[in-house]
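Below: one structure, written as structure tokens.
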Amino acid sequence: MVEVVPIHFPEGTAIAVTVRLPKTTLLAVTTDNGYIMCGALDVGLLNERLASREILAGRAVGVKTIQELLDAPLESVTTTAENQGISAGMIGREAVARMF
């Protein structure tokens with residue numbers, strides 16, 4: 001099952017996506033410019049093999065719901081995110097607000 005829900009921020013509206021797969025759930029919150037995602041996100045791949053794309057993204061681990069993703073500290077972020085003032089340890093909600 002796939003669930004798509006808008007999440008309103010003072011800066012704009014983000015889209016939360018939940019994809020329920022067998023034995024796992026993928027979670028993401030995205031804006032037009034970037035996204036945060038659950039532990040399935042490979043930040044190393046984005047920074048190394050896809051560096052030319054300058055992807056603005058962050059990863060939180062151990063989250064099981066969109067609310068947990070928004071409330072969790074990011075475990076890692078892309079170089080592009082760092083260049084935009086988003087850092088590991090920042091709460092997901094704060095990172096998304098900086099992605100508008």
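Scheme for the structure tokens: letters A, B, ... for chains in order shown; per-chain residue numbers from 1; ligand numbers from 1 in order shown.
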Within 7 Å of Val63 in chain A, counting only C-alpha atoms, which residues show up once you throw out same-chain ones fewer than 5 positions away? Write them as a PDB file with N, CA and C atoms, in the first residue's frame, please.
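Listed below is the output, result07.pdb:
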```pdb
ATOM      1  N   CYS A  38      13.801   7.379   5.505  1.00  0.00           N
ATOM      2  CA  CYS A  38      14.167   6.385   6.504  1.00  0.00           C
ATOM      3  C   CYS A  38      15.541   5.794   6.180  1.00  0.00           C
ATOM      4  N   GLU A  68       7.578   9.833  13.386  1.00  0.00           N
ATOM      5  CA  GLU A  68       8.905   9.522  13.920  1.00  0.00           C
ATOM      6  C   GLU A  68      10.000  10.079  13.015  1.00  0.00           C
ATOM      7  N   LEU A  69       9.819  10.000  11.700  1.00  0.00           N
ATOM      8  CA  LEU A  69      10.795  10.554  10.764  1.00  0.00           C
ATOM      9  C   LEU A  69      10.949  12.054  10.969  1.00  0.00           C
TER      10      LEU A  69
END
```
Would you kindly return, as a PyMOL selection string, each protein, DNA or RNA residue with an atom no farther than 10 Å from any atom of Leu46 in chain A, considering only C-alpha atoms and excluding same-chain residues fewer than 3 positions away? chain A and resi 41-43+49-57+77-80
Prev. selection, all heavy atoms, output as a short mmCIF file (atom, residue, chain, number, x, y, z; two decimals), in the first residue's frame:
```cif
data_model
loop_
_atom_site.label_atom_id
_atom_site.label_comp_id
_atom_site.auth_asym_id
_atom_site.auth_seq_id
_atom_site.Cartn_x
_atom_site.Cartn_y
_atom_site.Cartn_z
N LEU A 41 17.64 4.97 2.72
CA LEU A 41 18.36 5.93 1.88
C LEU A 41 19.86 5.70 1.99
O LEU A 41 20.41 5.62 3.09
CB LEU A 41 18.03 7.36 2.32
CG LEU A 41 18.71 8.48 1.54
CD1 LEU A 41 18.25 8.47 0.08
CD2 LEU A 41 18.43 9.82 2.17
N ASP A 42 20.54 5.62 0.87
CA ASP A 42 21.99 5.42 0.83
C ASP A 42 22.67 6.76 0.57
O ASP A 42 22.89 7.15 -0.58
CB ASP A 42 22.34 4.41 -0.26
CG ASP A 42 23.80 4.01 -0.26
OD1 ASP A 42 24.64 4.72 0.34
OD2 ASP A 42 24.11 2.98 -0.88
N VAL A 43 22.98 7.49 1.64
CA VAL A 43 23.59 8.81 1.52
C VAL A 43 24.96 8.70 0.86
O VAL A 43 25.34 9.55 0.06
CB VAL A 43 23.68 9.51 2.91
CG1 VAL A 43 24.50 10.78 2.84
CG2 VAL A 43 22.28 9.80 3.42
N ARG A 49 28.55 8.40 -6.02
CA ARG A 49 28.24 8.05 -7.42
C ARG A 49 27.30 9.03 -8.09
O ARG A 49 27.30 9.14 -9.31
CB ARG A 49 27.66 6.65 -7.47
CG ARG A 49 28.69 5.66 -6.92
CD ARG A 49 28.57 4.26 -7.33
NE ARG A 49 28.39 4.06 -8.74
CZ ARG A 49 27.84 2.98 -9.25
NH1 ARG A 49 27.40 2.04 -8.45
NH2 ARG A 49 27.69 2.84 -10.54
N LEU A 50 26.48 9.73 -7.30
CA LEU A 50 25.51 10.68 -7.87
C LEU A 50 25.81 12.12 -7.47
O LEU A 50 24.93 12.97 -7.50
CB LEU A 50 24.09 10.29 -7.44
CG LEU A 50 23.64 8.87 -7.79
CD1 LEU A 50 22.25 8.59 -7.26
CD2 LEU A 50 23.70 8.64 -9.29
N ALA A 51 27.05 12.39 -7.12
CA ALA A 51 27.44 13.72 -6.63
C ALA A 51 27.07 14.83 -7.60
O ALA A 51 26.68 15.94 -7.19
CB ALA A 51 28.93 13.75 -6.32
N SER A 52 27.19 14.58 -8.89
CA SER A 52 26.91 15.62 -9.88
C SER A 52 25.45 16.07 -9.86
O SER A 52 25.12 17.16 -10.33
CB SER A 52 27.27 15.13 -11.29
OG SER A 52 26.45 14.03 -11.65
N ARG A 53 24.58 15.27 -9.28
CA ARG A 53 23.15 15.63 -9.19
C ARG A 53 22.87 16.61 -8.06
O ARG A 53 21.79 17.19 -7.99
CB ARG A 53 22.29 14.39 -9.02
CG ARG A 53 22.36 13.46 -10.21
CD ARG A 53 21.43 12.30 -10.04
NE ARG A 53 21.62 11.32 -11.10
CZ ARG A 53 20.89 10.23 -11.24
NH1 ARG A 53 19.92 9.97 -10.38
NH2 ARG A 53 21.14 9.39 -12.22
N GLU A 54 23.80 16.74 -7.11
CA GLU A 54 23.66 17.66 -5.98
C GLU A 54 22.32 17.46 -5.26
O GLU A 54 21.54 18.39 -5.08
CB GLU A 54 23.84 19.11 -6.42
CG GLU A 54 25.22 19.37 -6.98
CD GLU A 54 25.45 20.80 -7.39
OE1 GLU A 54 24.48 21.56 -7.58
OE2 GLU A 54 26.63 21.17 -7.54
N ILE A 55 22.07 16.23 -4.84
CA ILE A 55 20.80 15.87 -4.20
C ILE A 55 20.78 16.36 -2.75
O ILE A 55 21.70 16.11 -1.98
CB ILE A 55 20.58 14.35 -4.28
CG1 ILE A 55 20.44 13.94 -5.74
CG2 ILE A 55 19.36 13.93 -3.45
CD1 ILE A 55 20.43 12.46 -5.99
N LEU A 56 19.72 17.06 -2.41
CA LEU A 56 19.51 17.61 -1.08
C LEU A 56 18.69 16.59 -0.29
O LEU A 56 17.49 16.42 -0.55
CB LEU A 56 18.75 18.93 -1.21
CG LEU A 56 18.35 19.68 0.05
CD1 LEU A 56 19.58 20.05 0.87
CD2 LEU A 56 17.57 20.92 -0.33
N ALA A 57 19.34 15.85 0.64
CA ALA A 57 18.64 14.77 1.33
C ALA A 57 19.26 14.47 2.69
O ALA A 57 20.42 14.77 2.94
CB ALA A 57 18.66 13.50 0.47
N VAL A 77 23.49 13.18 6.23
CA VAL A 77 22.94 14.08 5.21
C VAL A 77 23.92 14.13 4.04
O VAL A 77 25.10 13.83 4.19
CB VAL A 77 22.69 15.50 5.76
CG1 VAL A 77 21.70 15.47 6.92
CG2 VAL A 77 23.97 16.18 6.18
N THR A 78 23.42 14.54 2.90
CA THR A 78 24.28 14.68 1.73
C THR A 78 25.15 15.94 1.86
O THR A 78 24.86 16.84 2.65
CB THR A 78 23.45 14.77 0.45
OG1 THR A 78 22.59 15.93 0.52
CG2 THR A 78 22.63 13.52 0.22
N THR A 79 26.18 15.97 1.05
CA THR A 79 27.06 17.14 1.01
C THR A 79 26.26 18.38 0.61
O THR A 79 26.47 19.47 1.17
CB THR A 79 28.21 16.90 0.01
OG1 THR A 79 28.92 15.74 0.43
CG2 THR A 79 29.15 18.08 -0.06
N THR A 80 25.34 18.22 -0.32
CA THR A 80 24.50 19.35 -0.74
C THR A 80 23.67 19.86 0.43
O THR A 80 23.52 21.07 0.62
CB THR A 80 23.60 18.95 -1.92
OG1 THR A 80 24.45 18.56 -3.01
CG2 THR A 80 22.70 20.09 -2.36
#
```
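Excluding Met37 in chain A itself and any same-chain residue fewer than 5 positions from it, the protein and nucleic acid residues within 7 Å of it, counting only C-alpha atoms, are A:Leu27, A:Ala28, A:Val29, A:Gly58, A:Arg59, A:Ala60.
With CA of Val2 in chain A on one side and CA of Ala81 in chain A on the other, the separation reads 26.7 Å.
Across the structure, CA of Asn83 in chain A and CA of Ile15 in chain A are spaced 22.9 Å apart.
Selecting strand (DSSP E or B) from the backbone DSSP output for range 26-90 of chain A yields Leu26, Leu27, Ala28, Val29, Thr30, Gly34, Tyr35, Ile36, Met37, Leu56, Ala57, Gly58, Arg59, Pro73, Ser76 and Val77 of chain A.
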Let's have the selection written as a CSV table (one decimal), in the first residue's frame, with all heavy atoms.
```
chain,number,residue,atom,x,y,z
A,26,LEU,N,8.9,1.9,3.7
A,26,LEU,CA,9.7,3.0,3.3
A,26,LEU,C,9.0,4.3,3.6
A,26,LEU,O,7.8,4.5,3.4
A,26,LEU,CB,10.0,3.0,1.8
A,26,LEU,CG,10.7,1.7,1.3
A,26,LEU,CD1,10.8,1.8,-0.2
A,26,LEU,CD2,12.0,1.5,1.9
A,27,LEU,N,9.7,5.3,4.2
A,27,LEU,CA,9.2,6.6,4.6
A,27,LEU,C,10.0,7.7,4.0
A,27,LEU,O,11.2,7.7,4.0
A,27,LEU,CB,9.2,6.7,6.1
A,27,LEU,CG,8.6,5.6,6.9
A,27,LEU,CD1,9.0,5.8,8.4
A,27,LEU,CD2,7.1,5.7,6.8
A,28,ALA,N,9.3,8.7,3.5
A,28,ALA,CA,9.9,9.9,2.9
A,28,ALA,C,9.1,11.1,3.1
A,28,ALA,O,7.8,11.0,3.1
A,28,ALA,CB,10.3,9.7,1.4
A,29,VAL,N,9.7,12.3,3.3
A,29,VAL,CA,9.0,13.5,3.3
A,29,VAL,C,9.8,14.4,2.3
A,29,VAL,O,11.0,14.6,2.5
A,29,VAL,CB,9.0,14.2,4.7
A,29,VAL,CG1,8.3,15.6,4.7
A,29,VAL,CG2,8.2,13.3,5.7
A,30,THR,N,9.1,14.9,1.3
A,30,THR,CA,9.8,15.6,0.3
A,30,THR,C,9.2,17.0,0.0
A,30,THR,O,8.0,17.3,0.2
A,30,THR,CB,9.7,14.8,-1.0
A,30,THR,OG1,10.5,15.5,-2.1
A,30,THR,CG2,8.3,14.6,-1.5
A,34,GLY,N,14.2,18.9,-2.0
A,34,GLY,CA,14.9,17.9,-1.3
A,34,GLY,C,14.0,17.0,-0.5
A,34,GLY,O,12.8,17.2,-0.5
A,35,TYR,N,14.6,16.1,0.3
A,35,TYR,CA,13.8,15.1,1.0
A,35,TYR,C,14.6,14.5,2.2
A,35,TYR,O,15.8,14.5,2.2
A,35,TYR,CB,13.3,14.0,0.1
A,35,TYR,CG,14.3,13.2,-0.6
A,35,TYR,CD1,14.8,12.0,0.0
A,35,TYR,CD2,14.8,13.6,-1.8
A,35,TYR,CE1,15.8,11.3,-0.7
A,35,TYR,CE2,15.8,12.9,-2.5
A,35,TYR,CZ,16.3,11.7,-1.9
A,35,TYR,OH,17.2,11.0,-2.6
A,36,ILE,N,13.8,14.0,3.2
A,36,ILE,CA,14.4,13.2,4.2
A,36,ILE,C,13.7,11.8,4.1
A,36,ILE,O,12.6,11.7,3.5
A,36,ILE,CB,14.2,13.8,5.6
A,36,ILE,CG1,12.7,13.9,6.0
A,36,ILE,CG2,14.9,15.1,5.8
A,36,ILE,CD1,12.4,14.2,7.4
A,37,MET,N,14.4,10.8,4.5
A,37,MET,CA,14.0,9.5,4.3
A,37,MET,C,14.4,8.6,5.4
A,37,MET,O,15.3,8.9,6.2
A,37,MET,CB,14.5,8.9,2.9
A,37,MET,CG,13.8,7.7,2.4
A,37,MET,SD,14.3,7.4,0.7
A,37,MET,CE,13.9,5.7,0.6
A,56,LEU,N,19.7,17.1,-2.4
A,56,LEU,CA,19.5,17.6,-1.1
A,56,LEU,C,18.7,16.6,-0.3
A,56,LEU,O,17.5,16.4,-0.5
A,56,LEU,CB,18.8,18.9,-1.2
A,56,LEU,CG,18.4,19.7,0.0
A,56,LEU,CD1,19.6,20.1,0.9
A,56,LEU,CD2,17.6,20.9,-0.3
A,57,ALA,N,19.3,15.9,0.6
A,57,ALA,CA,18.6,14.8,1.3
A,57,ALA,C,19.3,14.5,2.7
A,57,ALA,O,20.4,14.8,2.9
A,57,ALA,CB,18.7,13.5,0.5
A,58,GLY,N,18.4,13.9,3.5
A,58,GLY,CA,18.9,13.4,4.8
A,58,GLY,C,18.3,12.1,5.2
A,58,GLY,O,17.2,11.7,4.7
A,59,ARG,N,18.9,11.4,6.1
A,59,ARG,CA,18.5,10.0,6.5
A,59,ARG,C,18.3,9.9,8.0
A,59,ARG,O,19.2,10.3,8.8
A,59,ARG,CB,19.6,9.0,6.0
A,59,ARG,CG,19.4,7.6,6.5
A,59,ARG,CD,20.5,6.8,6.0
A,59,ARG,NE,20.3,5.4,6.4
A,59,ARG,CZ,21.3,4.6,6.8
A,59,ARG,NH1,22.5,5.0,6.7
A,59,ARG,NH2,21.0,3.4,7.1
A,73,PRO,N,16.4,12.7,14.9
A,73,PRO,CA,17.6,13.4,14.5
A,73,PRO,C,18.1,12.7,13.2
A,73,PRO,O,18.0,11.5,13.1
A,73,PRO,CB,18.6,13.3,15.6
A,73,PRO,CG,18.1,12.1,16.4
A,73,PRO,CD,16.6,12.0,16.2
A,76,SER,N,22.5,11.0,8.9
A,76,SER,CA,23.5,11.4,7.9
A,76,SER,C,22.7,12.3,6.9
A,76,SER,O,21.5,12.2,6.7
A,76,SER,CB,24.1,10.3,7.2
A,76,SER,OG,23.2,9.4,6.6
A,77,VAL,N,23.5,13.2,6.2
A,77,VAL,CA,22.9,14.1,5.2
A,77,VAL,C,23.9,14.1,4.0
A,77,VAL,O,25.1,13.8,4.2
A,77,VAL,CB,22.7,15.5,5.8
A,77,VAL,CG1,21.7,15.5,6.9
A,77,VAL,CG2,24.0,16.2,6.2
```
For Arg98 in chain A: contacts at 10 Å, only C-alpha atoms, fewer than 3 positions along chain excluded, given as a ChimeraX atom specification: /A:11,31,33-34,81,84-86,93-95
DSSP on the backbone: what in chain A comes out alpha helix (DSSP H), as a count of residues only? 23
What is the distance, in Å and to one decimal place, between CA of Pro6 in chain A and CA of Ala88 in chain A? 24.6 Å
Give me the residues within 6 Å of Gly92 in chain A as a short mmCIF file (atom, residue, chain, number, x, y, z; two decimals) with all heavy atoms, in the first residue's frame, counting only C-alpha atoms and dropping any in the same chain fewer than 5 places off.
```
data_model
loop_
_atom_site.label_atom_id
_atom_site.label_comp_id
_atom_site.auth_asym_id
_atom_site.auth_seq_id
_atom_site.Cartn_x
_atom_site.Cartn_y
_atom_site.Cartn_z
N LEU A 70 9.85 12.75 11.15
CA LEU A 70 9.91 14.20 11.37
C LEU A 70 10.52 14.56 12.71
O LEU A 70 11.16 15.61 12.85
CB LEU A 70 8.50 14.80 11.25
CG LEU A 70 7.91 14.79 9.86
CD1 LEU A 70 6.42 15.14 9.92
CD2 LEU A 70 8.65 15.75 8.94
N ASP A 71 10.35 13.71 13.72
CA ASP A 71 10.83 13.99 15.07
C ASP A 71 12.24 13.48 15.35
O ASP A 71 12.85 13.87 16.34
CB ASP A 71 9.88 13.38 16.10
CG ASP A 71 8.52 14.06 16.12
OD1 ASP A 71 8.41 15.21 15.64
OD2 ASP A 71 7.55 13.43 16.60
N ALA A 72 12.76 12.63 14.48
CA ALA A 72 14.06 11.99 14.72
C ALA A 72 15.21 12.88 14.28
O ALA A 72 15.09 13.66 13.33
CB ALA A 72 14.13 10.67 13.96
N PRO A 73 16.35 12.73 14.95
CA PRO A 73 17.56 13.40 14.45
C PRO A 73 18.06 12.68 13.20
O PRO A 73 17.96 11.46 13.11
CB PRO A 73 18.55 13.26 15.60
CG PRO A 73 18.08 12.06 16.37
CD PRO A 73 16.59 12.00 16.19
#
```
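Proximity of A:Thr25, A:Asp32, A:Leu74, A:Phe100 to Gly12 in chain A, computed with only C-alpha atoms, is greatest for A:Phe100.
Closest approach to Val5 in chain A from the set A:Met99, A:Val17, A:Val61, A:Ile66 is made by A:Val17, with distances taken over only C-alpha atoms.
Of the residues under consideration (A:Phe9, A:Gly89, A:Gly62, A:Met1), A:Met1 shows the shortest atom-to-atom contact distance to Leu21 in chain A when counting only C-alpha atoms.
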